[in-house]
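Data block below; observations after.
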Amino acid sequence: MTAAIDESRSSPVNPSERIGSIDALRGVALLGVLAINLVTEFRVSIFEQFLPAARPAAPLDRAVETVLMLAVDMKAFALFSLLFGLGLAIQFEHLSTNPHRALLLFRRLIVLLALGFIHLCLIWNGDILTEYAIAG
């Protein structure tokens, strides 16, 4: 009977057991990270150094960028990092009843490290998944 309980502890939690406020905050943090990346990273050409100097941005563009930098910039990244740590702690608590199941958390972090390393090397050098996996 105990083994069945331990096995069920390693399965995903039921939607009714999820903490809705954490999911909502995670969504807000991801929206903020996306907004900042759209303004600062994704619109910059890799060949920008070879192109002629760009024209100054329109006043509305500068205003939006200023608001994002002042109101959202590092706050979204900090909130997302905090929620990653909180989620990791919840997973650890969920799996800590059985030491063999705690290896599941370690395996998840190894997969995150591998995906982050592939993303870091092949797609974008601003990847954060590798750092999250190492911190975890």
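Each chain of the structure tokens is named A, B, ... in the order shown, its residues numbered from 1; ligands are numbered from 1 in display order.
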Counting only C-alpha atoms, what is within 12 Å of Val39 in chain A, bar same-chain residues fewer than 3 positions away, as a compact mmCIF listing (two decimals) with all heavy atoms, in the first residue's frame?
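Written file, result.txt:
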# COMPACT_ATOMS: atom_id res chain seq x y z
N GLY A 32 5.93 39.79 -19.18
CA GLY A 32 6.94 40.84 -19.02
C GLY A 32 8.26 40.49 -19.70
O GLY A 32 8.87 41.32 -20.37
N VAL A 33 8.69 39.25 -19.55
CA VAL A 33 9.94 38.81 -20.21
C VAL A 33 9.78 38.89 -21.72
O VAL A 33 10.69 39.35 -22.43
CB VAL A 33 10.30 37.37 -19.75
CG1 VAL A 33 11.41 36.79 -20.60
CG2 VAL A 33 10.70 37.37 -18.28
N LEU A 34 8.64 38.46 -22.24
CA LEU A 34 8.40 38.54 -23.68
C LEU A 34 8.42 39.99 -24.15
O LEU A 34 9.04 40.30 -25.18
CB LEU A 34 7.06 37.88 -24.03
CG LEU A 34 6.64 37.97 -25.50
CD1 LEU A 34 7.60 37.19 -26.38
CD2 LEU A 34 5.23 37.47 -25.68
N ALA A 35 7.76 40.88 -23.43
CA ALA A 35 7.72 42.29 -23.82
C ALA A 35 9.13 42.90 -23.85
O ALA A 35 9.49 43.59 -24.80
CB ALA A 35 6.83 43.08 -22.86
N ILE A 36 9.93 42.61 -22.85
CA ILE A 36 11.29 43.14 -22.81
C ILE A 36 12.13 42.56 -23.94
O ILE A 36 12.89 43.27 -24.61
CB ILE A 36 11.94 42.88 -21.44
CG1 ILE A 36 11.23 43.69 -20.37
CG2 ILE A 36 13.42 43.18 -21.46
CD1 ILE A 36 11.27 45.19 -20.58
N PHE A 42 14.95 40.71 -29.73
CA PHE A 42 14.48 40.05 -30.94
C PHE A 42 14.40 40.96 -32.15
O PHE A 42 14.37 40.49 -33.27
CB PHE A 42 13.11 39.41 -30.70
CG PHE A 42 13.12 38.35 -29.65
CD1 PHE A 42 12.03 38.15 -28.84
CD2 PHE A 42 14.22 37.53 -29.47
CE1 PHE A 42 12.04 37.16 -27.87
CE2 PHE A 42 14.24 36.55 -28.50
CZ PHE A 42 13.14 36.37 -27.70
N ARG A 43 14.35 42.26 -31.94
CA ARG A 43 14.26 43.14 -33.10
C ARG A 43 15.62 43.63 -33.57
O ARG A 43 15.71 44.37 -34.53
CB ARG A 43 13.34 44.31 -32.80
CG ARG A 43 13.91 45.33 -31.86
CD ARG A 43 12.96 46.47 -31.69
NE ARG A 43 13.59 47.51 -30.89
CZ ARG A 43 13.05 48.64 -30.60
NH1 ARG A 43 11.86 48.91 -31.05
NH2 ARG A 43 13.68 49.52 -29.87
N VAL A 44 16.68 43.22 -32.91
CA VAL A 44 18.03 43.64 -33.30
C VAL A 44 18.58 42.62 -34.30
O VAL A 44 18.63 41.43 -34.02
CB VAL A 44 18.95 43.74 -32.07
CG1 VAL A 44 20.36 44.08 -32.49
CG2 VAL A 44 18.41 44.77 -31.11
N ASP A 61 7.67 55.21 -30.03
CA ASP A 61 8.54 54.04 -29.81
C ASP A 61 9.46 54.27 -28.62
O ASP A 61 9.65 53.38 -27.79
CB ASP A 61 9.37 53.73 -31.05
CG ASP A 61 8.54 53.16 -32.19
OD1 ASP A 61 7.44 52.64 -31.91
OD2 ASP A 61 9.02 53.23 -33.34
N ARG A 62 10.04 55.45 -28.54
CA ARG A 62 10.92 55.77 -27.41
C ARG A 62 10.15 55.77 -26.10
O ARG A 62 10.66 55.31 -25.07
CB ARG A 62 11.63 57.11 -27.64
CG ARG A 62 12.72 57.04 -28.69
CD ARG A 62 13.62 58.26 -28.66
NE ARG A 62 12.89 59.52 -28.62
CZ ARG A 62 12.64 60.29 -29.68
NH1 ARG A 62 13.06 59.93 -30.86
NH2 ARG A 62 11.98 61.42 -29.55
N ALA A 63 8.92 56.28 -26.12
CA ALA A 63 8.10 56.32 -24.90
C ALA A 63 7.75 54.91 -24.43
O ALA A 63 7.86 54.61 -23.23
CB ALA A 63 6.82 57.13 -25.15
N VAL A 64 7.35 54.04 -25.36
CA VAL A 64 7.03 52.66 -24.99
C VAL A 64 8.27 51.96 -24.44
O VAL A 64 8.19 51.27 -23.41
CB VAL A 64 6.45 51.89 -26.21
CG1 VAL A 64 6.41 50.40 -25.95
CG2 VAL A 64 5.08 52.42 -26.56
N GLU A 65 9.40 52.15 -25.08
CA GLU A 65 10.64 51.52 -24.60
C GLU A 65 11.02 52.04 -23.22
O GLU A 65 11.43 51.27 -22.35
CB GLU A 65 11.77 51.77 -25.60
CG GLU A 65 13.02 51.02 -25.28
CD GLU A 65 14.07 51.11 -26.37
OE1 GLU A 65 13.78 51.65 -27.46
OE2 GLU A 65 15.19 50.64 -26.11
N THR A 66 10.87 53.33 -22.98
CA THR A 66 11.19 53.89 -21.68
C THR A 66 10.27 53.34 -20.59
O THR A 66 10.74 52.96 -19.51
CB THR A 66 11.08 55.44 -21.72
OG1 THR A 66 11.98 55.93 -22.71
CG2 THR A 66 11.41 56.05 -20.38
N VAL A 67 8.99 53.26 -20.86
CA VAL A 67 8.04 52.71 -19.89
C VAL A 67 8.39 51.26 -19.58
O VAL A 67 8.41 50.84 -18.41
CB VAL A 67 6.59 52.85 -20.38
CG1 VAL A 67 5.63 52.02 -19.55
CG2 VAL A 67 6.17 54.31 -20.38
N LEU A 68 8.67 50.47 -20.61
CA LEU A 68 9.03 49.07 -20.39
C LEU A 68 10.31 48.94 -19.57
O LEU A 68 10.40 48.10 -18.67
CB LEU A 68 9.18 48.33 -21.72
CG LEU A 68 7.89 47.95 -22.42
CD1 LEU A 68 8.19 47.37 -23.80
CD2 LEU A 68 7.11 46.95 -21.60
N MET A 69 11.28 49.75 -19.86
CA MET A 69 12.55 49.66 -19.13
C MET A 69 12.37 50.06 -17.66
O MET A 69 12.96 49.44 -16.77
CB MET A 69 13.62 50.55 -19.77
CG MET A 69 14.10 50.08 -21.12
SD MET A 69 14.78 48.42 -21.04
CE MET A 69 13.88 47.64 -22.33
N VAL A 72 9.10 47.39 -16.18
CA VAL A 72 9.04 45.95 -16.36
C VAL A 72 10.40 45.27 -16.36
O VAL A 72 10.53 44.14 -15.86
CB VAL A 72 8.30 45.61 -17.69
CG1 VAL A 72 8.25 44.13 -17.95
CG2 VAL A 72 6.90 46.20 -17.70
N ASP A 73 11.42 45.92 -16.86
CA ASP A 73 12.68 45.27 -17.26
C ASP A 73 13.15 44.16 -16.33
O ASP A 73 12.91 43.00 -16.59
CB ASP A 73 13.76 46.33 -17.45
CG ASP A 73 15.04 45.75 -18.01
OD1 ASP A 73 14.99 44.66 -18.61
OD2 ASP A 73 16.09 46.38 -17.85
*asked:* Using DSSP assignments from the backbone, pull out every residue in range 21-134 of chain A that falls under alpha helix (DSSP H) and give it to me as a ChimeraX atom specification.
replied: /A:21-40,59-71,73-95,99-122,129-134
Go ahead and save the residues from that selection, with C-alpha atoms, as a PDB file, in the first residue's frame.
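Now in out04.pdb:
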ATOM      1  CA  SER A  21      -1.996  32.544  -7.928  1.00  0.00           C
ATOM      2  CA  ILE A  22       1.430  31.077  -8.724  1.00  0.00           C
ATOM      3  CA  ASP A  23       0.281  30.189 -12.240  1.00  0.00           C
ATOM      4  CA  ALA A  24      -1.152  33.693 -12.714  1.00  0.00           C
ATOM      5  CA  LEU A  25       2.069  35.329 -11.492  1.00  0.00           C
ATOM      6  CA  ARG A  26       4.086  33.058 -13.773  1.00  0.00           C
ATOM      7  CA  GLY A  27       1.955  34.221 -16.713  1.00  0.00           C
ATOM      8  CA  VAL A  28       2.497  37.878 -15.793  1.00  0.00           C
ATOM      9  CA  ALA A  29       6.249  37.278 -15.480  1.00  0.00           C
ATOM     10  CA  LEU A  30       6.399  35.525 -18.865  1.00  0.00           C
ATOM     11  CA  LEU A  31       4.455  38.353 -20.477  1.00  0.00           C
ATOM     12  CA  GLY A  32       6.941  40.843 -19.023  1.00  0.00           C
ATOM     13  CA  VAL A  33       9.936  38.805 -20.206  1.00  0.00           C
ATOM     14  CA  LEU A  34       8.395  38.538 -23.679  1.00  0.00           C
ATOM     15  CA  ALA A  35       7.725  42.295 -23.820  1.00  0.00           C
ATOM     16  CA  ILE A  36      11.291  43.144 -22.814  1.00  0.00           C
ATOM     17  CA  ASN A  37      12.790  40.625 -25.233  1.00  0.00           C
ATOM     18  CA  LEU A  38      10.650  41.966 -28.079  1.00  0.00           C
ATOM     19  CA  VAL A  39      11.947  45.474 -27.456  1.00  0.00           C
ATOM     20  CA  THR A  40      15.593  44.722 -26.685  1.00  0.00           C
ATOM     21  CA  PRO A  59       8.671  59.472 -30.097  1.00  0.00           C
ATOM     22  CA  LEU A  60       5.988  56.860 -29.393  1.00  0.00           C
ATOM     23  CA  ASP A  61       8.535  54.045 -29.807  1.00  0.00           C
ATOM     24  CA  ARG A  62      10.925  55.765 -27.410  1.00  0.00           C
ATOM     25  CA  ALA A  63       8.101  56.323 -24.899  1.00  0.00           C
ATOM     26  CA  VAL A  64       7.030  52.659 -24.990  1.00  0.00           C
ATOM     27  CA  GLU A  65      10.639  51.519 -24.605  1.00  0.00           C
ATOM     28  CA  THR A  66      11.186  53.892 -21.678  1.00  0.00           C
ATOM     29  CA  VAL A  67       8.044  52.708 -19.885  1.00  0.00           C
ATOM     30  CA  LEU A  68       9.025  49.066 -20.390  1.00  0.00           C
ATOM     31  CA  MET A  69      12.551  49.665 -19.133  1.00  0.00           C
ATOM     32  CA  LEU A  70      11.380  51.537 -16.028  1.00  0.00           C
ATOM     33  CA  ALA A  71       8.325  49.455 -15.139  1.00  0.00           C
ATOM     34  CA  ASP A  73      12.676  45.271 -17.261  1.00  0.00           C
ATOM     35  CA  MET A  74      14.377  43.383 -14.438  1.00  0.00           C
ATOM     36  CA  LYS A  75      11.210  42.964 -12.385  1.00  0.00           C
ATOM     37  CA  ALA A  76       9.816  40.365 -14.796  1.00  0.00           C
ATOM     38  CA  PHE A  77      13.074  38.408 -14.840  1.00  0.00           C
ATOM     39  CA  ALA A  78      13.349  38.507 -11.045  1.00  0.00           C
ATOM     40  CA  LEU A  79       9.735  37.398 -10.591  1.00  0.00           C
ATOM     41  CA  PHE A  80      10.147  34.548 -13.068  1.00  0.00           C
ATOM     42  CA  SER A  81      13.349  33.398 -11.337  1.00  0.00           C
ATOM     43  CA  LEU A  82      11.652  33.521  -7.942  1.00  0.00           C
ATOM     44  CA  LEU A  83       8.746  31.458  -9.256  1.00  0.00           C
ATOM     45  CA  PHE A  84      11.144  28.924 -10.786  1.00  0.00           C
ATOM     46  CA  GLY A  85      12.737  28.441  -7.368  1.00  0.00           C
ATOM     47  CA  LEU A  86       9.336  28.200  -5.705  1.00  0.00           C
ATOM     48  CA  GLY A  87       8.173  25.602  -8.221  1.00  0.00           C
ATOM     49  CA  LEU A  88      11.369  23.630  -7.692  1.00  0.00           C
ATOM     50  CA  ALA A  89      10.845  23.705  -3.912  1.00  0.00           C
ATOM     51  CA  ILE A  90       7.265  22.500  -4.328  1.00  0.00           C
ATOM     52  CA  GLN A  91       8.447  19.653  -6.566  1.00  0.00           C
ATOM     53  CA  PHE A  92      11.147  18.733  -4.057  1.00  0.00           C
ATOM     54  CA  GLU A  93       8.615  18.655  -1.225  1.00  0.00           C
ATOM     55  CA  HIS A  94       6.232  16.621  -3.368  1.00  0.00           C
ATOM     56  CA  LEU A  95       8.923  14.017  -4.161  1.00  0.00           C
ATOM     57  CA  PRO A  99      14.536   9.128  -1.829  1.00  0.00           C
ATOM     58  CA  HIS A 100      14.308   7.117  -5.031  1.00  0.00           C
ATOM     59  CA  ARG A 101      11.635   9.455  -6.357  1.00  0.00           C
ATOM     60  CA  ALA A 102      13.804  12.461  -5.510  1.00  0.00           C
ATOM     61  CA  LEU A 103      16.040  11.273  -8.356  1.00  0.00           C
ATOM     62  CA  LEU A 104      13.173  12.266 -10.633  1.00  0.00           C
ATOM     63  CA  LEU A 105      13.790  15.903  -9.740  1.00  0.00           C
ATOM     64  CA  PHE A 106      17.494  15.473 -10.484  1.00  0.00           C
ATOM     65  CA  ARG A 107      16.644  13.899 -13.858  1.00  0.00           C
ATOM     66  CA  ARG A 108      14.356  16.817 -14.660  1.00  0.00           C
ATOM     67  CA  LEU A 109      17.164  19.262 -13.926  1.00  0.00           C
ATOM     68  CA  ILE A 110      19.574  17.265 -16.110  1.00  0.00           C
ATOM     69  CA  VAL A 111      17.088  17.404 -19.003  1.00  0.00           C
ATOM     70  CA  LEU A 112      16.651  21.152 -18.418  1.00  0.00           C
ATOM     71  CA  LEU A 113      20.445  21.545 -18.457  1.00  0.00           C
ATOM     72  CA  ALA A 114      20.732  19.608 -21.718  1.00  0.00           C
ATOM     73  CA  LEU A 115      17.971  21.613 -23.402  1.00  0.00           C
ATOM     74  CA  GLY A 116      19.432  24.857 -22.107  1.00  0.00           C
ATOM     75  CA  PHE A 117      22.914  23.951 -23.311  1.00  0.00           C
ATOM     76  CA  ILE A 118      21.617  23.059 -26.790  1.00  0.00           C
ATOM     77  CA  HIS A 119      19.659  26.312 -26.908  1.00  0.00           C
ATOM     78  CA  LEU A 120      22.671  28.266 -25.639  1.00  0.00           C
ATOM     79  CA  CYS A 121      25.045  26.813 -28.227  1.00  0.00           C
ATOM     80  CA  LEU A 122      22.791  26.602 -31.278  1.00  0.00           C
ATOM     81  CA  LEU A 129      17.695  27.540 -18.827  1.00  0.00           C
ATOM     82  CA  THR A 130      21.282  26.430 -18.270  1.00  0.00           C
ATOM     83  CA  GLU A 131      21.659  28.762 -15.316  1.00  0.00           C
ATOM     84  CA  TYR A 132      18.315  27.641 -13.840  1.00  0.00           C
ATOM     85  CA  ALA A 133      19.349  23.989 -14.105  1.00  0.00           C
ATOM     86  CA  ILE A 134      22.703  24.631 -12.427  1.00  0.00           C
TER      87      ILE A 134
END
*Two-atom distance - CA of Gly20 in chain A, CA of Gly126 in chain A (Å)*: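 Going from CA of Gly20 in chain A over to CA of Gly126 in chain A covers 29.4 Å.
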